[in-house]
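With mmCIF, C-alpha atoms and all ligand atoms inside, this is target27.cif:
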```cif
data_query
loop_
_atom_site.label_atom_id
_atom_site.label_comp_id
_atom_site.auth_asym_id
_atom_site.auth_seq_id
_atom_site.Cartn_x
_atom_site.Cartn_y
_atom_site.Cartn_z
CA MET A 1 4.12 -37.36 -43.15
CA HIS A 2 6.56 -40.01 -41.94
CA ALA A 3 7.22 -38.96 -38.35
CA HIS A 4 7.72 -41.70 -35.80
CA GLN A 5 6.13 -41.95 -32.40
CA LYS A 6 8.25 -40.71 -29.53
CA THR A 7 8.58 -41.12 -25.78
CA ILE A 8 11.26 -40.09 -23.29
CA LYS A 9 14.28 -42.24 -22.57
CA HIS A 10 14.35 -41.90 -18.76
CA SER A 11 11.92 -41.01 -16.01
CA LEU A 12 12.54 -37.59 -14.52
CA GLN A 13 11.18 -35.46 -11.65
CA ILE A 14 10.71 -31.74 -11.24
CA ARG A 15 9.31 -29.58 -8.42
CA GLY A 16 7.74 -26.18 -8.80
CA LYS A 17 5.08 -23.80 -7.57
CA GLY A 18 1.46 -24.02 -8.71
CA LEU A 19 0.15 -20.78 -10.21
CA HIS A 20 -3.31 -20.91 -8.68
CA THR A 21 -2.68 -22.72 -5.37
CA GLY A 22 0.79 -21.31 -4.65
CA GLU A 23 1.74 -24.78 -3.28
CA MET A 24 4.90 -26.69 -4.24
CA ILE A 25 4.07 -29.54 -6.63
CA ASP A 26 6.12 -32.56 -7.76
CA VAL A 27 5.87 -33.88 -11.32
CA THR A 28 7.29 -37.18 -12.54
CA LEU A 29 7.53 -37.91 -16.26
CA ARG A 30 7.66 -41.58 -17.28
CA PRO A 31 8.17 -43.23 -20.69
CA MET A 32 5.24 -45.03 -22.29
CA PRO A 33 5.18 -47.44 -25.23
CA ILE A 34 3.73 -47.11 -28.74
CA ASP A 35 0.10 -45.93 -29.11
CA SER A 36 -0.25 -45.03 -25.41
CA GLY A 37 -0.99 -41.32 -25.76
CA ILE A 38 -0.28 -38.63 -23.16
CA TRP A 39 -1.60 -39.49 -19.68
CA PHE A 40 -1.87 -37.50 -16.47
CA LYS A 41 -2.16 -39.07 -13.04
CA ARG A 42 -2.78 -37.33 -9.74
CA THR A 43 -0.86 -39.18 -7.06
CA ASP A 44 -2.30 -37.17 -4.14
CA VAL A 45 -5.85 -38.55 -4.40
CA SER A 46 -7.38 -41.77 -3.11
CA ASP A 47 -8.40 -42.89 -6.62
CA PRO A 48 -5.35 -42.16 -8.80
CA SER A 49 -6.85 -43.22 -12.15
CA PRO A 50 -4.79 -41.83 -15.02
CA ILE A 51 -6.59 -39.38 -17.32
CA LEU A 52 -5.93 -39.39 -21.06
CA ALA A 53 -4.97 -35.95 -22.40
CA SER A 54 -7.78 -35.80 -24.92
CA SER A 55 -10.33 -33.23 -26.00
CA ALA A 56 -13.10 -35.46 -24.62
CA ASN A 57 -11.64 -35.13 -21.11
CA VAL A 58 -11.47 -31.31 -21.01
CA SER A 59 -13.55 -30.20 -18.03
CA ASP A 60 -12.80 -26.48 -17.78
CA THR A 61 -11.16 -23.77 -19.89
CA ASN A 62 -11.45 -20.81 -17.50
CA LEU A 63 -7.95 -19.26 -17.02
CA ALA A 64 -6.22 -22.56 -17.87
CA THR A 65 -6.94 -25.86 -19.58
CA THR A 66 -8.20 -28.43 -17.09
CA ILE A 67 -8.82 -32.09 -17.74
CA GLY A 68 -10.97 -34.28 -15.58
CA TRP A 69 -12.15 -37.82 -15.18
CA ARG A 70 -14.78 -38.76 -12.63
CA ARG A 71 -14.10 -36.52 -9.63
CA GLN A 72 -10.49 -35.79 -10.48
CA ARG A 73 -9.35 -32.47 -11.93
CA LEU A 74 -5.90 -31.42 -13.10
CA SER A 75 -5.23 -27.91 -14.31
CA THR A 76 -2.66 -25.58 -15.94
CA LEU A 77 -1.46 -28.29 -18.30
CA GLU A 78 -1.20 -26.26 -21.50
CA HIS A 79 2.46 -25.23 -21.27
CA LEU A 80 3.60 -28.80 -20.63
CA LEU A 81 1.24 -30.05 -23.37
CA ALA A 82 2.70 -27.43 -25.76
CA ALA A 83 6.24 -28.67 -24.99
CA LEU A 84 5.17 -32.28 -25.61
CA GLY A 85 3.36 -31.29 -28.83
CA GLY A 86 6.21 -29.08 -30.00
CA LEU A 87 8.79 -31.82 -29.46
CA GLY A 88 6.56 -34.56 -30.86
CA VAL A 89 6.40 -36.64 -27.65
CA ASN A 90 3.12 -38.55 -27.98
CA ASN A 91 3.56 -41.32 -25.40
CA ILE A 92 4.18 -40.31 -21.78
CA MET A 93 2.81 -40.60 -18.24
CA VAL A 94 2.84 -37.39 -16.20
CA GLU A 95 2.33 -37.91 -12.46
CA VAL A 96 1.40 -34.83 -10.44
CA ASN A 97 0.90 -34.67 -6.66
CA GLY A 98 -1.45 -31.69 -6.71
CA PRO A 99 -4.37 -30.11 -8.60
CA GLU A 100 -2.25 -28.30 -11.20
CA ALA A 101 1.07 -28.57 -13.00
CA PRO A 102 3.74 -26.14 -11.76
CA ILE A 103 3.89 -22.85 -13.63
CA LEU A 104 7.76 -22.75 -13.62
CA ASP A 105 8.74 -19.55 -15.50
CA GLY A 106 5.34 -19.20 -17.22
CA SER A 107 6.59 -20.52 -20.57
CA SER A 108 7.27 -23.95 -22.08
CA ALA A 109 11.07 -23.50 -22.08
CA PRO A 110 11.71 -25.25 -18.70
CA TRP A 111 9.55 -28.20 -19.85
CA VAL A 112 11.52 -28.36 -23.12
CA GLU A 113 14.76 -28.37 -21.11
CA LEU A 114 13.46 -31.07 -18.78
CA LEU A 115 12.33 -33.26 -21.69
CA ASN A 116 15.72 -32.80 -23.34
CA CYS A 117 17.38 -33.94 -20.08
CA ALA A 118 15.16 -37.05 -20.07
CA GLY A 119 16.25 -37.77 -23.64
CA PHE A 120 14.01 -39.09 -26.39
CA GLN A 121 13.22 -42.57 -27.55
CA ILE A 122 12.04 -42.85 -31.14
CA LEU A 123 9.50 -45.68 -31.35
CA ASN A 124 9.07 -48.00 -34.29
CA ALA A 125 5.57 -46.90 -35.31
CA PRO A 126 4.26 -44.06 -37.46
CA ARG A 127 2.96 -41.04 -35.63
CA PRO A 128 -0.77 -40.52 -36.19
CA PHE A 129 -1.95 -37.18 -37.55
CA TYR A 130 -5.05 -35.35 -38.76
CA ARG A 131 -5.39 -33.55 -42.05
CA VAL A 132 -7.88 -30.68 -42.29
CA ALA A 133 -10.27 -31.62 -45.09
CA LYS A 134 -12.37 -28.43 -45.33
CA PRO A 135 -12.33 -24.96 -43.77
CA PHE A 136 -13.93 -24.36 -40.38
CA LYS A 137 -14.41 -21.10 -38.48
CA LEU A 138 -15.93 -20.33 -35.10
CA ILE A 139 -16.76 -16.73 -34.19
CA ASP A 140 -17.41 -15.67 -30.59
CA GLY A 141 -18.16 -11.94 -30.39
CA ASP A 142 -14.98 -10.14 -31.48
CA LYS A 143 -12.90 -13.35 -31.36
CA PHE A 144 -12.54 -16.07 -33.91
CA LEU A 145 -10.51 -19.16 -34.68
CA ALA A 146 -10.46 -20.57 -38.19
CA VAL A 147 -8.64 -23.45 -39.85
CA GLU A 148 -8.19 -24.39 -43.50
CA PRO A 149 -6.47 -27.24 -45.31
CA ALA A 150 -2.67 -27.05 -45.57
CA SER A 151 0.18 -29.54 -45.86
CA GLU A 152 1.64 -28.57 -42.47
CA PHE A 153 0.69 -26.87 -39.21
CA SER A 154 0.90 -23.08 -39.26
CA VAL A 155 -0.76 -20.21 -37.39
CA ASP A 156 -1.45 -16.52 -37.88
CA PHE A 157 -2.32 -15.13 -34.46
CA THR A 158 -3.55 -11.60 -33.69
CA ILE A 159 -4.05 -10.23 -30.19
CA ASP A 160 -5.69 -6.88 -29.58
CA PHE A 161 -5.64 -5.28 -26.12
CA PRO A 162 -6.34 -1.73 -25.05
CA GLY A 163 -3.39 0.16 -23.58
CA PHE A 164 0.24 -0.90 -23.69
CA LEU A 165 -0.10 -4.24 -25.53
CA LYS A 166 -2.13 -2.92 -28.47
CA THR A 167 -2.30 -5.13 -31.55
CA GLN A 168 0.31 -7.84 -32.10
CA LYS A 169 0.43 -10.27 -35.02
CA ARG A 170 2.64 -13.30 -35.31
CA HIS A 171 3.00 -15.94 -38.01
CA PHE A 172 4.37 -19.36 -37.08
CA LYS A 173 5.14 -22.26 -39.36
CA PHE A 174 5.72 -25.42 -37.38
CA SER A 175 9.05 -27.15 -37.03
CA GLU A 176 10.49 -28.52 -33.81
CA SER A 177 13.44 -26.12 -33.91
CA ALA A 178 11.20 -23.10 -34.64
CA PHE A 179 8.93 -24.12 -31.76
CA VAL A 180 11.90 -24.37 -29.37
CA SER A 181 13.51 -21.05 -30.36
CA GLU A 182 10.54 -18.82 -31.30
CA ILE A 183 7.60 -20.04 -29.23
CA SER A 184 8.61 -22.10 -26.19
CA PRO A 185 10.34 -19.22 -24.28
CA ALA A 186 7.29 -16.90 -24.54
CA ARG A 187 5.80 -16.43 -21.06
CA THR A 188 2.20 -16.18 -20.00
CA PHE A 189 1.05 -12.61 -19.41
CA CYS A 190 -1.62 -10.76 -17.53
CA LEU A 191 -2.79 -7.28 -16.79
CA LEU A 192 -2.02 -5.95 -13.30
CA LYS A 193 -5.71 -5.25 -12.62
CA ASP A 194 -6.57 -8.89 -13.49
CA VAL A 195 -3.86 -10.18 -11.09
CA GLU A 196 -5.31 -8.08 -8.28
CA TYR A 197 -8.82 -9.34 -9.07
CA MET A 198 -7.72 -13.00 -9.25
CA LYS A 199 -5.77 -12.79 -5.96
CA SER A 200 -8.77 -11.24 -4.22
CA HIS A 201 -10.77 -14.30 -5.40
CA GLY A 202 -8.21 -16.85 -4.21
CA LYS A 203 -6.73 -17.45 -7.67
CA ALA A 204 -3.18 -16.95 -8.98
CA LEU A 205 -1.85 -17.19 -5.41
CA GLY A 206 1.51 -18.41 -6.77
CA GLY A 207 1.62 -15.79 -9.52
CA GLY A 208 4.42 -13.22 -9.61
CA LEU A 209 6.99 -11.50 -11.77
CA ASP A 210 9.10 -14.68 -11.86
CA ASN A 211 6.40 -16.67 -13.69
CA ALA A 212 4.39 -14.18 -15.77
CA VAL A 213 4.74 -10.98 -17.70
CA VAL A 214 2.66 -8.47 -15.76
CA ILE A 215 1.45 -5.41 -17.62
CA GLY A 216 0.45 -2.19 -15.87
CA ASP A 217 -0.82 1.09 -17.31
CA GLU A 218 2.71 2.26 -18.12
CA GLY A 219 4.03 -1.00 -19.55
CA VAL A 220 5.76 -4.20 -18.42
CA LEU A 221 6.42 -4.39 -14.67
CA ASN A 222 9.02 -7.18 -14.90
CA PRO A 223 12.48 -5.63 -14.34
CA GLU A 224 14.03 -7.83 -17.04
CA GLY A 225 11.46 -6.66 -19.62
CA LEU A 226 10.15 -8.82 -22.46
CA ARG A 227 11.93 -11.77 -24.09
CA PHE A 228 10.55 -10.74 -27.51
CA PRO A 229 8.75 -7.52 -28.53
CA ASP A 230 5.73 -9.70 -29.47
CA GLU A 231 6.14 -12.16 -26.59
CA CYS A 232 2.41 -12.06 -25.80
CA ALA A 233 1.32 -13.04 -29.34
CA ARG A 234 3.94 -15.81 -29.29
CA HIS A 235 2.56 -17.07 -25.97
CA LYS A 236 -0.94 -17.24 -27.44
CA ILE A 237 0.48 -19.47 -30.19
CA LEU A 238 2.11 -21.60 -27.47
CA ASP A 239 -1.26 -21.93 -25.70
CA LEU A 240 -2.94 -22.89 -28.99
CA ILE A 241 -0.33 -25.60 -29.64
CA GLY A 242 -0.88 -26.93 -26.11
CA ASP A 243 -4.66 -26.88 -26.49
CA LEU A 244 -4.57 -28.55 -29.91
CA SER A 245 -2.35 -31.31 -28.54
CA LEU A 246 -5.53 -32.64 -26.90
CA ALA A 247 -6.46 -33.86 -30.40
CA GLN A 248 -3.80 -36.52 -29.55
CA ALA A 249 -2.16 -36.05 -32.93
CA PRO A 250 -0.82 -33.08 -34.89
CA ILE A 251 -3.40 -31.29 -37.04
CA LEU A 252 -2.03 -30.42 -40.47
CA GLY A 253 -3.78 -27.19 -41.36
CA HIS A 254 -3.42 -23.42 -41.29
CA PHE A 255 -5.02 -21.71 -38.29
CA THR A 256 -6.02 -18.05 -38.17
CA ALA A 257 -6.71 -16.83 -34.64
CA HIS A 258 -8.03 -13.45 -33.55
CA LYS A 259 -8.06 -12.92 -29.75
CA SER A 260 -8.67 -16.64 -29.24
CA GLY A 261 -8.00 -18.30 -25.89
CA HIS A 262 -8.35 -21.68 -24.16
CA ALA A 263 -12.16 -21.72 -24.27
CA LEU A 264 -12.48 -20.97 -28.00
CA ASN A 265 -9.48 -23.18 -28.84
CA GLN A 266 -11.15 -26.13 -27.13
CA ARG A 267 -14.55 -25.43 -28.67
CA VAL A 268 -13.03 -25.44 -32.15
CA LEU A 269 -11.07 -28.60 -31.44
CA ALA A 270 -14.12 -30.40 -30.06
CA SER A 271 -16.12 -29.29 -33.13
CA LEU A 272 -13.46 -30.47 -35.58
CA LEU A 273 -13.27 -33.84 -33.83
CA SER A 274 -17.02 -34.36 -33.56
CA LEU A 275 -18.45 -32.86 -36.77
CA PRO A 276 -18.13 -35.18 -39.76
CA GLY A 277 -15.90 -34.27 -42.68
CA TYR A 278 -13.52 -31.68 -41.23
CA LEU A 279 -10.61 -33.89 -40.21
CA GLU A 280 -9.19 -36.93 -41.97
CA LYS A 281 -7.69 -39.24 -39.41
CA SER A 282 -4.72 -41.53 -39.75
CA ASP A 283 -4.45 -44.65 -37.56
CA HIS A 284 -3.37 -45.19 -33.97
CA ILE A 285 -5.22 -42.51 -32.02
CA ALA A 286 -5.93 -43.68 -28.48
CA GLU A 287 -9.59 -43.63 -27.44
CA PRO A 288 -10.52 -41.72 -24.27
CA GLN A 289 -11.39 -44.06 -21.41
CA ARG A 290 -15.10 -44.73 -21.08
CA SER A 291 -14.97 -46.90 -18.00
CA THR A 292 -12.47 -47.71 -15.30
CA ARG A 293 -12.69 -51.37 -16.18
CA ASN A 294 -11.54 -50.84 -19.75
CA PHE A 295 -8.85 -48.58 -18.53
CA GLU A 296 -7.45 -51.08 -16.05
CA ILE A 297 -7.19 -53.62 -18.82
CA SER A 298 -5.34 -51.23 -21.08
CA LEU A 299 -3.12 -49.84 -18.32
CA GLY A 300 -1.67 -53.29 -17.60
CA ALA A 301 -0.86 -53.63 -21.26
CA LEU A 302 0.67 -50.17 -21.36
CA ASN A 303 2.91 -50.33 -18.31
CA PRO A 304 6.37 -49.70 -19.78
CA LEU A 305 8.12 -51.40 -16.87
CA THR A 306 6.57 -54.70 -17.88
CA LEU A 307 7.85 -54.27 -21.42
CA ALA A 308 11.36 -52.99 -21.00
CA PRO A 309 13.93 -52.99 -18.17
CA GLU A 310 14.92 -49.61 -16.72
CA GLY A 311 17.01 -47.62 -19.16
CA GLU A 312 16.39 -50.01 -22.03
CA PRO A 313 14.71 -48.72 -25.18
CA LEU A 314 11.13 -49.79 -25.71
CA ALA A 315 11.63 -50.14 -29.44
CA TYR A 316 13.85 -48.71 -32.11
CA ALA A 317 12.94 -46.91 -35.28
CA ASN A 318 14.42 -48.24 -38.48
ZN ZN B 1 -0.44 -19.95 -21.38
#
```

The structure given in the file should be rewritten as structure tokens.
Ligand SMILES: [Zn+2]
Amino acid sequence: MHAHQKTIKHSLQIRGKGLHTGEMIDVTLRPMPIDSGIWFKRTDVSDPSPILASSANVSDTNLATTIGWRRQRLSTLEHLLAALGGLGVNNIMVEVNGPEAPILDGSSAPWVELLNCAGFQILNAPRPFYRVAKPFKLIDGDKFLAVEPASEFSVDFTIDFPGFLKTQKRHFKFSESAFVSEISPARTFCLLKDVEYMKSHGKALGGGLDNAVVIGDEGVLNPEGLRFPDECARHKILDLIGDLSLAQAPILGHFTAHKSGHALNQRVLASLLSLPGYLEKSDHIAEPQRSTRNFEISLGALNPLTLAPEGEPLAYAN
């Protein structure tokens, strides 16, 4: 594996509605240099310490993937993380002025488009990766997520819902172009009865037919219909790619998922990272911050503006 590290060429801003709060949220993406990792920073809080997008910083997996550090929480990151993972962007600062990333159209496609607008900067350092060394499987009731050694990242995902959705299976073998065309446009989906329940509990206040596939007893309620017949299975693969990006490096292995979701995805990832012998690690994987003091030291060193003038490349690949 000879991929290079990547960041974006230019800073860029986007504004969109939060799924759970219904509030308008601004996001700014900024380039970061080699070995930085993916960072999130809430700019609406009094202590805007950046949070490393790592498995160790996952604080909640109910409905969305949330990362936290001290008293800060930032949610609904998985579709942006999937876009970053799918496009191989491993060094970036994401500033958000609210408690969640905007939902946009419910897929990763708008994030892919935004990142393409920002342009990419290939950095002169090898991209770290993990290789699965031995099989691992976690079973939770009727769900499971398993991984086995393979030379590249691939997934077989099965979803199984009563009613309209039924059983859907999708195979995906990773390449950037396959991610962009087959996976990134697949929108999040929910059952109408779950939307009504969430709204009655103050959740999904920004949710609607413009940012989710909503499924009633008779079928899809969205007037435009589905983007793919198996859009829901594709979206589950998108979520898995986003969740696994919190490993901070691609995992080369074949995943088999049955009804898995954010919670099981994160449990498997945390197990793979913490149990000895399952993952072989290459170099250059950023450590999660353990204290503010350490972080302040590293942040000064990581500030791209101190390393390169605006618009100038941080480094070139050979
Ligand atoms: Zn999702």

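Here CA of Lys169 (chain A) is placed at a distance of 5.6 Å from CA of Phe157 (chain A).
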
Exercise for review: Dump the neighbourhood of ligand ZN 1 (chain B) as a VMD selection string: all residues within 8 Å, distances computed on all atoms listed in the file.
Suggested key: chain A and resid 64 78 to 79 106 to 107 187 to 189 235 to 236 238 to 239

Exercise for review: Grab the CA of Val180 (chain A) to CA of Ala109 (chain A) distance for me, in Å with one decimal place.
Suggested key: 7.4 Å

Exercise for review: Would you mind telling me which residue in A:Ile103, A:Ile122, A:Ala83, A:Val27 lies nearest to Lys9 (chain A) when using all atoms listed in the file?
Suggested key: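 The closest residue to Lys9 (chain A) is A:Ile122.
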
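Nearest residue to Pro135 (chain A), choosing from A:Lys6, A:Arg15, A:His254, A:Arg227 and counting all atoms listed in the file: A:His254.
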
**Study point:** Close residues, Ile241 (chain A) itself excluded, 10 Å, only C-alpha atoms, min 6 positions apart in chain, as a ChimeraX atom specification
**Key:** /A:78-79,81-86,153,155,174,179,183,235,250-251,265

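Taking CA of His262 (chain A) and CA of Ser274 (chain A) as the two end points, the separation is 18.0 Å.
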
Exercise for review: Skip Lys143 (chain A) itself and residues of its chain fewer than 6 positions away, then list as a PyMOL selection string all residues within 6 Å of it, counting all atoms listed in the file.
Suggested key: chain A and resi 258-260

Check your understanding: Counting all atoms listed in the file, what is within 8 Å of Thr21 (chain A), bar same-chain residues fewer than 5 positions away, as a list of chain:residue names?
Key -> A:Lys203, A:Ala204, A:Leu205, A:Gly206

Surrounding residues of Leu114 (chain A) excluding itself and chain neighbours under 4 positions, 8 Å, only C-alpha atoms, as an mmCIF file with C-alpha atoms, keeping the file's coordinate frame:
```cif
data_model
loop_
_atom_site.group_PDB
_atom_site.id
_atom_site.type_symbol
_atom_site.label_atom_id
_atom_site.label_comp_id
_atom_site.auth_asym_id
_atom_site.auth_seq_id
_atom_site.Cartn_x
_atom_site.Cartn_y
_atom_site.Cartn_z
ATOM 1 C CA LEU A 12 12.540 -37.590 -14.520
ATOM 2 C CA PRO A 110 11.710 -25.250 -18.700
ATOM 3 C CA ALA A 118 15.160 -37.050 -20.070
#
```

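With all atoms listed in the file as the atoms that count, the residue of A:Ser75, A:Gln168, A:Ser154, A:Asn62 with the shortest distance to Phe40 (chain A) is A:Ser75.
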
Check your understanding: Pick the closest to His20 (chain A) from A:Val89, A:Ile67, A:Leu138, A:Ala101: which is it, counting only C-alpha atoms?
Key -> A:Ala101

Residues at most 12 Å from Leu273 (chain A), counting all atoms listed in the file, excluding those fewer than 4 positions away in the same chain, as a PDB file with C-alpha atoms, in the frame of the given file?
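Result file follows (selection07.pdb):
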```pdb
ATOM      1  CA  SER A  54      -7.780 -35.800 -24.920  1.00  0.00           C
ATOM      2  CA  SER A  55     -10.330 -33.230 -26.000  1.00  0.00           C
ATOM      3  CA  ALA A  56     -13.100 -35.460 -24.620  1.00  0.00           C
ATOM      4  CA  TYR A 130      -5.050 -35.350 -38.760  1.00  0.00           C
ATOM      5  CA  ARG A 131      -5.390 -33.550 -42.050  1.00  0.00           C
ATOM      6  CA  VAL A 132      -7.880 -30.680 -42.290  1.00  0.00           C
ATOM      7  CA  ALA A 133     -10.270 -31.620 -45.090  1.00  0.00           C
ATOM      8  CA  PHE A 136     -13.930 -24.360 -40.380  1.00  0.00           C
ATOM      9  CA  LEU A 244      -4.570 -28.550 -29.910  1.00  0.00           C
ATOM     10  CA  LEU A 246      -5.530 -32.640 -26.900  1.00  0.00           C
ATOM     11  CA  ALA A 247      -6.460 -33.860 -30.400  1.00  0.00           C
ATOM     12  CA  GLN A 248      -3.800 -36.520 -29.550  1.00  0.00           C
ATOM     13  CA  ALA A 249      -2.160 -36.050 -32.930  1.00  0.00           C
ATOM     14  CA  ILE A 251      -3.400 -31.290 -37.040  1.00  0.00           C
ATOM     15  CA  GLN A 266     -11.150 -26.130 -27.130  1.00  0.00           C
ATOM     16  CA  ARG A 267     -14.550 -25.430 -28.670  1.00  0.00           C
ATOM     17  CA  VAL A 268     -13.030 -25.440 -32.150  1.00  0.00           C
ATOM     18  CA  LEU A 269     -11.070 -28.600 -31.440  1.00  0.00           C
ATOM     19  CA  GLY A 277     -15.900 -34.270 -42.680  1.00  0.00           C
ATOM     20  CA  TYR A 278     -13.520 -31.680 -41.230  1.00  0.00           C
ATOM     21  CA  LEU A 279     -10.610 -33.890 -40.210  1.00  0.00           C
ATOM     22  CA  GLU A 280      -9.190 -36.930 -41.970  1.00  0.00           C
ATOM     23  CA  LYS A 281      -7.690 -39.240 -39.410  1.00  0.00           C
ATOM     24  CA  ILE A 285      -5.220 -42.510 -32.020  1.00  0.00           C
TER      25      ILE A 285
END
```

Check your understanding: From the list A:Arg73, A:Lys17, A:His4, A:His171, which residue is nearest Lys41 (chain A) when using only C-alpha atoms?
Key ->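 Ranked by minimum distance to Lys41 (chain A), first place goes to A:Arg73.
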
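Among the candidate residues A:Asp194, A:Asp243, A:Asp156, A:Glu148, the one lying nearest to Lys173 (chain A) is A:Asp156, with distances computed using only C-alpha atoms.
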
Incomplete region 59-78 of chain A brought to N, CA and C atoms, written out as an mmCIF file, in the frame of the given file:
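Result saved to out.cif:
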```cif
data_model
loop_
_atom_site.group_PDB
_atom_site.id
_atom_site.type_symbol
_atom_site.label_atom_id
_atom_site.label_comp_id
_atom_site.auth_asym_id
_atom_site.auth_seq_id
_atom_site.Cartn_x
_atom_site.Cartn_y
_atom_site.Cartn_z
ATOM 1 N N SER A 59 -12.424 -30.487 -18.925
ATOM 2 C CA SER A 59 -13.550 -30.200 -18.030
ATOM 3 C C SER A 59 -13.719 -28.715 -17.757
ATOM 4 N N ASP A 60 -12.690 -27.910 -18.052
ATOM 5 C CA ASP A 60 -12.800 -26.480 -17.780
ATOM 6 C C ASP A 60 -11.755 -25.749 -18.619
ATOM 7 N N THR A 61 -12.121 -24.552 -19.102
ATOM 8 C CA THR A 61 -11.160 -23.770 -19.890
ATOM 9 C C THR A 61 -11.065 -22.346 -19.349
ATOM 10 N N ASN A 62 -11.499 -22.132 -18.101
ATOM 11 C CA ASN A 62 -11.450 -20.810 -17.500
ATOM 12 C C ASN A 62 -10.054 -20.581 -16.918
ATOM 13 N N LEU A 63 -9.316 -19.640 -17.436
ATOM 14 C CA LEU A 63 -7.950 -19.260 -17.020
ATOM 15 C C LEU A 63 -6.874 -20.259 -17.428
ATOM 16 N N ALA A 64 -7.210 -21.545 -17.503
ATOM 17 C CA ALA A 64 -6.220 -22.560 -17.870
ATOM 18 C C ALA A 64 -6.993 -23.726 -18.450
ATOM 19 N N THR A 65 -6.266 -24.669 -19.058
ATOM 20 C CA THR A 65 -6.940 -25.860 -19.580
ATOM 21 C C THR A 65 -6.877 -26.957 -18.522
ATOM 22 N N THR A 66 -8.067 -27.428 -18.150
ATOM 23 C CA THR A 66 -8.200 -28.430 -17.090
ATOM 24 C C THR A 66 -8.770 -29.697 -17.698
ATOM 25 N N ILE A 67 -8.192 -30.838 -17.339
ATOM 26 C CA ILE A 67 -8.820 -32.090 -17.740
ATOM 27 C C ILE A 67 -9.348 -32.805 -16.505
ATOM 28 N N GLY A 68 -10.361 -33.608 -16.709
ATOM 29 C CA GLY A 68 -10.970 -34.280 -15.580
ATOM 30 C C GLY A 68 -11.517 -35.636 -15.963
ATOM 31 N N TRP A 69 -11.588 -36.491 -14.994
ATOM 32 C CA TRP A 69 -12.150 -37.820 -15.180
ATOM 33 C C TRP A 69 -12.763 -38.210 -13.857
ATOM 34 N N ARG A 70 -14.036 -38.540 -13.861
ATOM 35 C CA ARG A 70 -14.780 -38.760 -12.630
ATOM 36 C C ARG A 70 -14.610 -37.534 -11.730
ATOM 37 N N ARG A 71 -14.180 -37.696 -10.488
ATOM 38 C CA ARG A 71 -14.100 -36.520 -9.630
ATOM 39 C C ARG A 71 -12.724 -35.855 -9.630
ATOM 40 N N GLN A 72 -11.830 -36.363 -10.442
ATOM 41 C CA GLN A 72 -10.490 -35.790 -10.480
ATOM 42 C C GLN A 72 -10.393 -34.614 -11.430
ATOM 43 N N ARG A 73 -9.599 -33.617 -11.044
ATOM 44 C CA ARG A 73 -9.350 -32.470 -11.930
ATOM 45 C C ARG A 73 -7.849 -32.170 -11.887
ATOM 46 N N LEU A 74 -7.306 -31.800 -13.034
ATOM 47 C CA LEU A 74 -5.900 -31.420 -13.100
ATOM 48 C C LEU A 74 -5.799 -30.250 -14.074
ATOM 49 N N SER A 75 -5.149 -29.191 -13.601
ATOM 50 C CA SER A 75 -5.230 -27.910 -14.310
ATOM 51 C C SER A 75 -3.853 -27.390 -14.725
ATOM 52 N N THR A 76 -3.876 -26.296 -15.510
ATOM 53 C CA THR A 76 -2.660 -25.580 -15.940
ATOM 54 C C THR A 76 -1.704 -26.529 -16.664
ATOM 55 N N LEU A 77 -2.256 -27.278 -17.601
ATOM 56 C CA LEU A 77 -1.460 -28.290 -18.300
ATOM 57 C C LEU A 77 -0.940 -27.787 -19.640
ATOM 58 N N GLU A 78 -1.428 -26.628 -20.102
ATOM 59 C CA GLU A 78 -1.200 -26.260 -21.500
ATOM 60 C C GLU A 78 0.258 -26.008 -21.857
#
```
